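Remarks on the structure that follows.
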Amino acid sequence: MAIPKNKSELLDAIEVSFNKLEKDLLTIPIELTNIIDLEGHKKETKMSVCNLVAYLIGWGELVIKWHQLSITNKAIDFPETGFKWTELGELAQKFYSDYANDDFPTLLKKLRSVVSKINNIIEHLSNEELYNIPIYKHYPMGRMIQLNTSSPYKNARSRIRKWKKLRI
């Protein structure tokens, strides 16, 4: 699927990639979701399926935070306060830790909720707001949303499918 260029394409990209990912996640036996044997987001680390879902939730929550800050004209500390773009592996570790006490069904519920909130944000923004107003360097909100939703959902699905071939 091409990079979304408008609200409709963005919503479609999120829906398609999330639905495919969710379908694969739902086929994983719960007892396998905490095994730490997936390639991690930080070099030479491993993660669990639960960690992967926590990572997606964490980035989704950041998208929501960025939107909330942007509509109140407050500065956005990209990617997250205390982290630089060169420290995304450490940020991933933070996300794993943030949701470490949640079981797999709870994580899936939280991920669905985050996706719903992001879709709601998109629905309430115009194409102009999504694609013609940069919020980070030259990137508009629509592109930042896509980079942190549909693209990582596709990547996560690829990781899960590869992992499932070895595990299930």
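Every chain in the structure tokens has a letter given in the order shown (A, B, ...), and although residue numbers restart at 1 in each chain, ligands are simply numbered from 1 in the order shown.
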
With only C-alpha atoms as the counted atoms, please give the residues lying no more than 12 Å from Lys165 of chain A, apart from itself and same-chain residues fewer than 5 positions off, as a PDB file with C-alpha atoms, in the first residue's frame.
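Below is the file around-v8.pdb, written as the result:
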ATOM      1  CA  ASP A  24      -2.550 -12.825  13.540  1.00  0.00           C
ATOM      2  CA  ILE A  28      -1.227 -16.853  19.317  1.00  0.00           C
ATOM      3  CA  SER A 158       5.778  -9.451   9.609  1.00  0.00           C
ATOM      4  CA  ARG A 159       7.676 -10.176  12.849  1.00  0.00           C
ATOM      5  CA  ILE A 160       4.730 -12.143  14.268  1.00  0.00           C
TER       6      ILE A 160
END

- Query: So which residues touch segment 114-124 of chain A within 12 Å, counting only C-alpha atoms, skipping near sequence neighbours fewer than 3 positions away, as a PyMOL selection string?
  - Reply: chain A and resi 6-19+22+53-68+70-71+107-111+127-131+141-146+148-150+153

Take the selection from the previous step and output its residues with C-alpha atoms, as a PDB file, in the first residue's frame.
ATOM      1  CA  ASN A   6      -5.250  12.153   2.549  1.00  0.00           C
ATOM      2  CA  LYS A   7      -7.575  11.381   5.445  1.00  0.00           C
ATOM      3  CA  SER A   8      -9.425   8.570   3.676  1.00  0.00           C
ATOM      4  CA  GLU A   9      -6.241   6.799   2.616  1.00  0.00           C
ATOM      5  CA  LEU A  10      -4.796   7.174   6.123  1.00  0.00           C
ATOM      6  CA  LEU A  11      -7.874   5.677   7.763  1.00  0.00           C
ATOM      7  CA  ASP A  12      -7.856   2.827   5.235  1.00  0.00           C
ATOM      8  CA  ALA A  13      -4.142   2.138   5.775  1.00  0.00           C
ATOM      9  CA  ILE A  14      -4.614   1.950   9.537  1.00  0.00           C
ATOM     10  CA  GLU A  15      -7.710  -0.221   9.262  1.00  0.00           C
ATOM     11  CA  VAL A  16      -6.178  -2.701   6.826  1.00  0.00           C
ATOM     12  CA  SER A  17      -2.827  -3.037   8.590  1.00  0.00           C
ATOM     13  CA  PHE A  18      -4.333  -3.177  12.085  1.00  0.00           C
ATOM     14  CA  ASN A  19      -6.996  -5.730  11.142  1.00  0.00           C
ATOM     15  CA  GLU A  22      -4.962  -8.272  15.071  1.00  0.00           C
ATOM     16  CA  VAL A  53       2.058  -4.980  21.554  1.00  0.00           C
ATOM     17  CA  ALA A  54       3.228  -2.648  24.360  1.00  0.00           C
ATOM     18  CA  TYR A  55       5.528  -0.957  21.841  1.00  0.00           C
ATOM     19  CA  LEU A  56       2.596  -0.322  19.492  1.00  0.00           C
ATOM     20  CA  ILE A  57       0.492   1.034  22.353  1.00  0.00           C
ATOM     21  CA  GLY A  58       3.340   3.307  23.454  1.00  0.00           C
ATOM     22  CA  TRP A  59       3.749   4.850  20.023  1.00  0.00           C
ATOM     23  CA  GLY A  60      -0.011   5.219  19.660  1.00  0.00           C
ATOM     24  CA  GLU A  61      -0.162   7.033  22.984  1.00  0.00           C
ATOM     25  CA  LEU A  62       2.601   9.346  21.772  1.00  0.00           C
ATOM     26  CA  VAL A  63       0.591  10.159  18.629  1.00  0.00           C
ATOM     27  CA  ILE A  64      -2.367  11.062  20.860  1.00  0.00           C
ATOM     28  CA  LYS A  65      -0.101  13.180  23.092  1.00  0.00           C
ATOM     29  CA  TRP A  66       1.357  14.998  20.073  1.00  0.00           C
ATOM     30  CA  HIS A  67      -2.139  15.803  18.855  1.00  0.00           C
ATOM     31  CA  GLN A  68      -3.250  17.077  22.260  1.00  0.00           C
ATOM     32  CA  SER A  70      -0.598  20.594  18.968  1.00  0.00           C
ATOM     33  CA  ILE A  71      -4.234  21.629  19.431  1.00  0.00           C
ATOM     34  CA  LEU A 107      -2.722  -5.311  25.990  1.00  0.00           C
ATOM     35  CA  LEU A 108      -4.896  -6.172  22.988  1.00  0.00           C
ATOM     36  CA  LYS A 109      -7.777  -4.225  24.524  1.00  0.00           C
ATOM     37  CA  LYS A 110      -5.502  -1.215  25.104  1.00  0.00           C
ATOM     38  CA  LEU A 111      -4.160  -1.420  21.546  1.00  0.00           C
ATOM     39  CA  ASN A 127      -7.030  17.065   5.068  1.00  0.00           C
ATOM     40  CA  GLU A 128      -5.394  20.494   5.443  1.00  0.00           C
ATOM     41  CA  GLU A 129      -4.609  19.840   9.129  1.00  0.00           C
ATOM     42  CA  LEU A 130      -3.439  16.306   8.415  1.00  0.00           C
ATOM     43  CA  TYR A 131      -1.282  16.924   5.369  1.00  0.00           C
ATOM     44  CA  MET A 141       0.382  15.157  11.411  1.00  0.00           C
ATOM     45  CA  GLY A 142      -0.966  12.667   8.858  1.00  0.00           C
ATOM     46  CA  ARG A 143       2.513  11.448   8.007  1.00  0.00           C
ATOM     47  CA  MET A 144       3.537  11.272  11.672  1.00  0.00           C
ATOM     48  CA  ILE A 145       0.415   9.235  12.395  1.00  0.00           C
ATOM     49  CA  GLN A 146       1.139   6.855   9.507  1.00  0.00           C
ATOM     50  CA  ASN A 148       3.593   5.403  14.031  1.00  0.00           C
ATOM     51  CA  THR A 149       0.511   3.315  13.213  1.00  0.00           C
ATOM     52  CA  SER A 150       0.039   1.561   9.894  1.00  0.00           C
ATOM     53  CA  TYR A 153       1.528  -2.524  12.364  1.00  0.00           C
TER      54      TYR A 153
END

- Taking the backbone alone, and naming residues the way the document does, which bits of segment 63-155 of chain A are strand (DSSP E) by DSSP, as a ChimeraX atom specification? /A:134-136,139-140

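The nearest approach to Tyr99 of chain A among the residues A:Leu166, A:Leu52, A:Ile133, A:Ile3, with only C-alpha atoms taken into account, belongs to A:Leu52.
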
- Message: Using only C-alpha atoms, can you tell me which of A:Pro140, A:Ala100, A:Leu25, A:Ser151 comes closest to Val49 of chain A?
- Response: A:Leu25

- Note on the structure: Using only C-alpha atoms, the best pick from A:Leu32, A:Leu91, A:Ala75, A:Leu21 as closest to Tyr136 of chain A would be A:Ala75

Enumerate the residues of segment 4-97 of chain A with a DSSP assignment of alpha helix (DSSP H), computed from the backbone, and present them as a PDB file with N, CA and C atoms, in the first residue's frame.
ATOM      1  N   LYS A   7      -6.900  11.969   4.285  1.00  0.00           N
ATOM      2  CA  LYS A   7      -7.575  11.381   5.445  1.00  0.00           C
ATOM      3  C   LYS A   7      -8.127   9.997   5.145  1.00  0.00           C
ATOM      4  N   SER A   8      -8.814   9.853   4.036  1.00  0.00           N
ATOM      5  CA  SER A   8      -9.425   8.570   3.676  1.00  0.00           C
ATOM      6  C   SER A   8      -8.372   7.474   3.519  1.00  0.00           C
ATOM      7  N   GLU A   9      -7.303   7.782   2.816  1.00  0.00           N
ATOM      8  CA  GLU A   9      -6.241   6.799   2.616  1.00  0.00           C
ATOM      9  C   GLU A   9      -5.567   6.443   3.938  1.00  0.00           C
ATOM     10  N   LEU A  10      -5.408   7.430   4.825  1.00  0.00           N
ATOM     11  CA  LEU A  10      -4.796   7.174   6.123  1.00  0.00           C
ATOM     12  C   LEU A  10      -5.673   6.246   6.962  1.00  0.00           C
ATOM     13  N   LEU A  11      -6.953   6.537   7.018  1.00  0.00           N
ATOM     14  CA  LEU A  11      -7.874   5.677   7.763  1.00  0.00           C
ATOM     15  C   LEU A  11      -7.884   4.259   7.201  1.00  0.00           C
ATOM     16  N   ASP A  12      -7.877   4.149   5.882  1.00  0.00           N
ATOM     17  CA  ASP A  12      -7.856   2.827   5.235  1.00  0.00           C
ATOM     18  C   ASP A  12      -6.566   2.077   5.564  1.00  0.00           C
ATOM     19  N   ALA A  13      -5.430   2.779   5.501  1.00  0.00           N
ATOM     20  CA  ALA A  13      -4.142   2.138   5.775  1.00  0.00           C
ATOM     21  C   ALA A  13      -4.099   1.601   7.201  1.00  0.00           C
ATOM     22  N   ILE A  14      -4.597   2.392   8.144  1.00  0.00           N
ATOM     23  CA  ILE A  14      -4.614   1.950   9.537  1.00  0.00           C
ATOM     24  C   ILE A  14      -5.546   0.759   9.698  1.00  0.00           C
ATOM     25  N   GLU A  15      -6.731   0.855   9.124  1.00  0.00           N
ATOM     26  CA  GLU A  15      -7.710  -0.221   9.262  1.00  0.00           C
ATOM     27  C   GLU A  15      -7.177  -1.535   8.689  1.00  0.00           C
ATOM     28  N   VAL A  16      -6.655  -1.481   7.487  1.00  0.00           N
ATOM     29  CA  VAL A  16      -6.178  -2.701   6.826  1.00  0.00           C
ATOM     30  C   VAL A  16      -5.009  -3.308   7.599  1.00  0.00           C
ATOM     31  N   SER A  17      -4.012  -2.485   7.923  1.00  0.00           N
ATOM     32  CA  SER A  17      -2.827  -3.037   8.590  1.00  0.00           C
ATOM     33  C   SER A  17      -3.145  -3.501  10.008  1.00  0.00           C
ATOM     34  N   PHE A  18      -3.990  -2.756  10.730  1.00  0.00           N
ATOM     35  CA  PHE A  18      -4.333  -3.177  12.085  1.00  0.00           C
ATOM     36  C   PHE A  18      -5.174  -4.452  12.070  1.00  0.00           C
ATOM     37  N   ASN A  19      -6.148  -4.538  11.183  1.00  0.00           N
ATOM     38  CA  ASN A  19      -6.996  -5.730  11.142  1.00  0.00           C
ATOM     39  C   ASN A  19      -6.191  -6.989  10.822  1.00  0.00           C
ATOM     40  N   LYS A  20      -5.237  -6.878   9.915  1.00  0.00           N
ATOM     41  CA  LYS A  20      -4.387  -8.029   9.591  1.00  0.00           C
ATOM     42  C   LYS A  20      -3.527  -8.418  10.795  1.00  0.00           C
ATOM     43  N   LEU A  21      -2.947  -7.412  11.445  1.00  0.00           N
ATOM     44  CA  LEU A  21      -2.130  -7.679  12.623  1.00  0.00           C
ATOM     45  C   LEU A  21      -2.962  -8.320  13.725  1.00  0.00           C
ATOM     46  N   GLU A  22      -4.115  -7.748  13.998  1.00  0.00           N
ATOM     47  CA  GLU A  22      -4.962  -8.272  15.071  1.00  0.00           C
ATOM     48  C   GLU A  22      -5.369  -9.719  14.798  1.00  0.00           C
ATOM     49  N   LYS A  23      -5.682 -10.015  13.555  1.00  0.00           N
ATOM     50  CA  LYS A  23      -6.059 -11.379  13.193  1.00  0.00           C
ATOM     51  C   LYS A  23      -4.926 -12.351  13.530  1.00  0.00           C
ATOM     52  N   ASP A  24      -3.692 -11.968  13.216  1.00  0.00           N
ATOM     53  CA  ASP A  24      -2.550 -12.825  13.540  1.00  0.00           C
ATOM     54  C   ASP A  24      -2.314 -12.906  15.041  1.00  0.00           C
ATOM     55  N   LEU A  25      -2.440 -11.796  15.738  1.00  0.00           N
ATOM     56  CA  LEU A  25      -2.229 -11.800  17.188  1.00  0.00           C
ATOM     57  C   LEU A  25      -3.226 -12.715  17.894  1.00  0.00           C
ATOM     58  N   VAL A  49       5.961 -11.220  22.571  1.00  0.00           N
ATOM     59  CA  VAL A  49       4.803 -10.724  21.822  1.00  0.00           C
ATOM     60  C   VAL A  49       4.123  -9.617  22.640  1.00  0.00           C
ATOM     61  N   CYS A  50       4.034  -9.807  23.948  1.00  0.00           N
ATOM     62  CA  CYS A  50       3.451  -8.756  24.803  1.00  0.00           C
ATOM     63  C   CYS A  50       4.250  -7.465  24.699  1.00  0.00           C
ATOM     64  N   ASN A  51       5.587  -7.567  24.665  1.00  0.00           N
ATOM     65  CA  ASN A  51       6.424  -6.374  24.501  1.00  0.00           C
ATOM     66  C   ASN A  51       6.127  -5.682  23.172  1.00  0.00           C
ATOM     67  N   LEU A  52       5.954  -6.463  22.128  1.00  0.00           N
ATOM     68  CA  LEU A  52       5.667  -5.897  20.813  1.00  0.00           C
ATOM     69  C   LEU A  52       4.353  -5.122  20.835  1.00  0.00           C
ATOM     70  N   VAL A  53       3.346  -5.681  21.462  1.00  0.00           N
ATOM     71  CA  VAL A  53       2.058  -4.980  21.554  1.00  0.00           C
ATOM     72  C   VAL A  53       2.208  -3.728  22.421  1.00  0.00           C
ATOM     73  N   ALA A  54       2.978  -3.819  23.507  1.00  0.00           N
ATOM     74  CA  ALA A  54       3.228  -2.648  24.360  1.00  0.00           C
ATOM     75  C   ALA A  54       3.907  -1.540  23.557  1.00  0.00           C
ATOM     76  N   TYR A  55       4.830  -1.916  22.708  1.00  0.00           N
ATOM     77  CA  TYR A  55       5.528  -0.957  21.841  1.00  0.00           C
ATOM     78  C   TYR A  55       4.523  -0.213  20.952  1.00  0.00           C
ATOM     79  N   LEU A  56       3.609  -0.945  20.360  1.00  0.00           N
ATOM     80  CA  LEU A  56       2.596  -0.322  19.492  1.00  0.00           C
ATOM     81  C   LEU A  56       1.672   0.599  20.289  1.00  0.00           C
ATOM     82  N   ILE A  57       1.313   0.192  21.481  1.00  0.00           N
ATOM     83  CA  ILE A  57       0.492   1.034  22.353  1.00  0.00           C
ATOM     84  C   ILE A  57       1.259   2.307  22.698  1.00  0.00           C
ATOM     85  N   GLY A  58       2.532   2.156  23.075  1.00  0.00           N
ATOM     86  CA  GLY A  58       3.340   3.307  23.454  1.00  0.00           C
ATOM     87  C   GLY A  58       3.426   4.351  22.353  1.00  0.00           C
ATOM     88  N   TRP A  59       3.690   3.903  21.135  1.00  0.00           N
ATOM     89  CA  TRP A  59       3.749   4.850  20.023  1.00  0.00           C
ATOM     90  C   TRP A  59       2.377   5.463  19.736  1.00  0.00           C
ATOM     91  N   GLY A  60       1.339   4.666  19.855  1.00  0.00           N
ATOM     92  CA  GLY A  60      -0.011   5.219  19.660  1.00  0.00           C
ATOM     93  C   GLY A  60      -0.324   6.291  20.685  1.00  0.00           C
ATOM     94  N   GLU A  61       0.052   6.035  21.930  1.00  0.00           N
ATOM     95  CA  GLU A  61      -0.162   7.033  22.984  1.00  0.00           C
ATOM     96  C   GLU A  61       0.638   8.304  22.705  1.00  0.00           C
ATOM     97  N   LEU A  62       1.826   8.155  22.138  1.00  0.00           N
ATOM     98  CA  LEU A  62       2.601   9.346  21.772  1.00  0.00           C
ATOM     99  C   LEU A  62       1.893  10.146  20.678  1.00  0.00           C
ATOM    100  N   VAL A  63       1.341   9.467  19.685  1.00  0.00           N
ATOM    101  CA  VAL A  63       0.591  10.159  18.629  1.00  0.00           C
ATOM    102  C   VAL A  63      -0.545  10.969  19.256  1.00  0.00           C
ATOM    103  N   ILE A  64      -1.262  10.366  20.188  1.00  0.00           N
ATOM    104  CA  ILE A  64      -2.367  11.062  20.860  1.00  0.00           C
ATOM    105  C   ILE A  64      -1.827  12.265  21.636  1.00  0.00           C
ATOM    106  N   LYS A  65      -0.726  12.083  22.337  1.00  0.00           N
ATOM    107  CA  LYS A  65      -0.101  13.180  23.092  1.00  0.00           C
ATOM    108  C   LYS A  65       0.305  14.319  22.156  1.00  0.00           C
ATOM    109  N   TRP A  66       0.946  13.973  21.027  1.00  0.00           N
ATOM    110  CA  TRP A  66       1.357  14.998  20.073  1.00  0.00           C
ATOM    111  C   TRP A  66       0.163  15.803  19.592  1.00  0.00           C
ATOM    112  N   HIS A  67      -0.933  15.103  19.312  1.00  0.00           N
ATOM    113  CA  HIS A  67      -2.139  15.803  18.855  1.00  0.00           C
ATOM    114  C   HIS A  67      -2.654  16.739  19.942  1.00  0.00           C
ATOM    115  N   GLN A  68      -2.749  16.253  21.160  1.00  0.00           N
ATOM    116  CA  GLN A  68      -3.250  17.077  22.260  1.00  0.00           C
ATOM    117  C   GLN A  68      -2.383  18.316  22.454  1.00  0.00           C
ATOM    118  N   LEU A  69      -1.082  18.158  22.384  1.00  0.00           N
ATOM    119  CA  LEU A  69      -0.186  19.310  22.518  1.00  0.00           C
ATOM    120  C   LEU A  69      -0.341  20.270  21.344  1.00  0.00           C
ATOM    121  N   SER A  70      -0.490  19.728  20.150  1.00  0.00           N
ATOM    122  CA  SER A  70      -0.598  20.594  18.968  1.00  0.00           C
ATOM    123  C   SER A  70      -1.876  21.419  18.971  1.00  0.00           C
ATOM    124  N   ILE A  71      -2.979  20.855  19.445  1.00  0.00           N
ATOM    125  CA  ILE A  71      -4.234  21.629  19.431  1.00  0.00           C
ATOM    126  C   ILE A  71      -4.275  22.690  20.531  1.00  0.00           C
ATOM    127  N   LEU A  88      15.694   5.512  20.185  1.00  0.00           N
ATOM    128  CA  LEU A  88      14.414   4.811  20.043  1.00  0.00           C
ATOM    129  C   LEU A  88      14.441   3.423  20.663  1.00  0.00           C
ATOM    130  N   GLY A  89      15.597   2.790  20.708  1.00  0.00           N
ATOM    131  CA  GLY A  89      15.707   1.499  21.390  1.00  0.00           C
ATOM    132  C   GLY A  89      15.405   1.632  22.869  1.00  0.00           C
ATOM    133  N   GLU A  90      15.918   2.692  23.473  1.00  0.00           N
ATOM    134  CA  GLU A  90      15.644   2.946  24.896  1.00  0.00           C
ATOM    135  C   GLU A  90      14.172   3.283  25.109  1.00  0.00           C
ATOM    136  N   LEU A  91      13.587   4.027  24.163  1.00  0.00           N
ATOM    137  CA  LEU A  91      12.166   4.351  24.255  1.00  0.00           C
ATOM    138  C   LEU A  91      11.321   3.075  24.161  1.00  0.00           C
ATOM    139  N   ALA A  92      11.724   2.163  23.294  1.00  0.00           N
ATOM    140  CA  ALA A  92      11.022   0.881  23.196  1.00  0.00           C
ATOM    141  C   ALA A  92      11.082   0.151  24.531  1.00  0.00           C
ATOM    142  N   GLN A  93      12.247   0.146  25.163  1.00  0.00           N
ATOM    143  CA  GLN A  93      12.384  -0.498  26.471  1.00  0.00           C
ATOM    144  C   GLN A  93      11.442   0.149  27.494  1.00  0.00           C
ATOM    145  N   LYS A  94      11.288   1.462  27.412  1.00  0.00           N
ATOM    146  CA  LYS A  94      10.358   2.166  28.313  1.00  0.00           C
ATOM    147  C   LYS A  94       8.930   1.673  28.080  1.00  0.00           C
ATOM    148  N   PHE A  95       8.546   1.536  26.818  1.00  0.00           N
ATOM    149  CA  PHE A  95       7.198   1.050  26.515  1.00  0.00           C
ATOM    150  C   PHE A  95       6.988  -0.358  27.073  1.00  0.00           C
ATOM    151  N   TYR A  96       7.985  -1.223  26.910  1.00  0.00           N
ATOM    152  CA  TYR A  96       7.867  -2.580  27.457  1.00  0.00           C
ATOM    153  C   TYR A  96       7.622  -2.501  28.963  1.00  0.00           C
ATOM    154  N   SER A  97       8.374  -1.646  29.622  1.00  0.00           N
ATOM    155  CA  SER A  97       8.259  -1.490  31.078  1.00  0.00           C
ATOM    156  C   SER A  97       6.914  -0.892  31.478  1.00  0.00           C
TER     157      SER A  97
END
